[in-house]
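Participant: For reference, the structure I am asking about is given below.
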Amino acid sequence: MSAPVQPATGREWGVVIAIALAGCALRFVNLGALSFGGDEETTTLAALALLEGWPPTLPGGLVYLRGLPFTVLESTMISLFGVSEGALRAVPVLVAGPRIVAGWWLARLYLGPVASLGVAALVAIAPFDV
């Protein structure tokens with residue numbers, strides 16, 4: 001049996017929060033650097049359709065429920081800030097902070113405190129996301 005995981009110290013939490021904030025800042029700085037790609041157009045159309053009613057239906061008539069939490073967050077951002085690239089791209093930026101902390105927490109269970117901070121730093125600077 002392995003030893004139980006020790007609770008994180010205040011200092012360790014401080015470093016993790018700093019890494020998460022730095023990761024979010026990197027994403028905010030590069031917010032409009034890339035054009036929409038992948039399924040961003042599709043989720044945008046679904047978010048706009050969700051503002052008109054349930055279920056979110058794409059222009060061709062397809063009901064789009066894939067990634068529904070993300071679509072709901074995008075729709076909320078559109079209703080708060082209007083239809084803009086910044087409002088749509090803010091959702092992944094805001095989700096990045098909790099994702100970095102979750103990566104640290106999961107890694108800490110298996111790798112220990114020091115290596116898990118390295119995992120958090122790698123997630124924070126992941127080239128695909130930044």
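Just remember, in the structure tokens the first chain shown is A, the second B, etc., residues are 1-based per chain, and ligands are 1-based in the order shown.
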Report as a VMD selection string all protein, DNA and RNA residues lying within 6 Å of segment 18-33 of chain A, evaluated on only C-alpha atoms, omitting residues in the same chain fewer than 5 positions from it.

Facilitator: chain A and resid 93 97 100 124 130

Participant: Quick one: pick out all alpha helix (DSSP H) residues within chain A from a backbone DSSP run and write them as a VMD selection string.

Facilitator: chain A and resid 10 to 29 40 to 52 68 to 81 85 to 111 113 to 124

Participant: So, counting only C-alpha atoms, which residue among A:Val95, A:Leu50, A:Val16, A:Val63 is closest to Ile78 of chain A?

Facilitator: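 Selected residue with least distance to Ile78 of chain A: A:Leu50.
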
Participant: Nearest to Ala102 of chain A: which of A:Leu117, A:Ile125, A:Glu74, A:Pro55 is it, counting only C-alpha atoms?

Facilitator: A:Leu117

Participant: If we count only C-alpha atoms, what is near Ala46 of chain A at a cut-off of 10 Å, once residues fewer than 6 positions away on the same chain are taken out, given as a PyMOL selection string?

Facilitator: chain A and resi 40+52+55-59+62-68+71-72+74-75

Participant: Check the smallest atom-to-atom distance from each of A:Val91, A:Ala126, A:Ala120, A:Leu48 to Leu106 of chain A using only C-alpha atoms, then report the winner.

Facilitator: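 Once distances to Leu106 of chain A are computed over only C-alpha atoms, the minimum belongs to A:Ala120.
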
Participant: If you measure from atom CA of Gly61 of chain A to atom CA of Leu73 of chain A, what distance in Å do you get, rounded to one decimal?

Facilitator: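 Straight-line distance from atom CA of Gly61 of chain A to atom CA of Leu73 of chain A works out to 21.7 Å.
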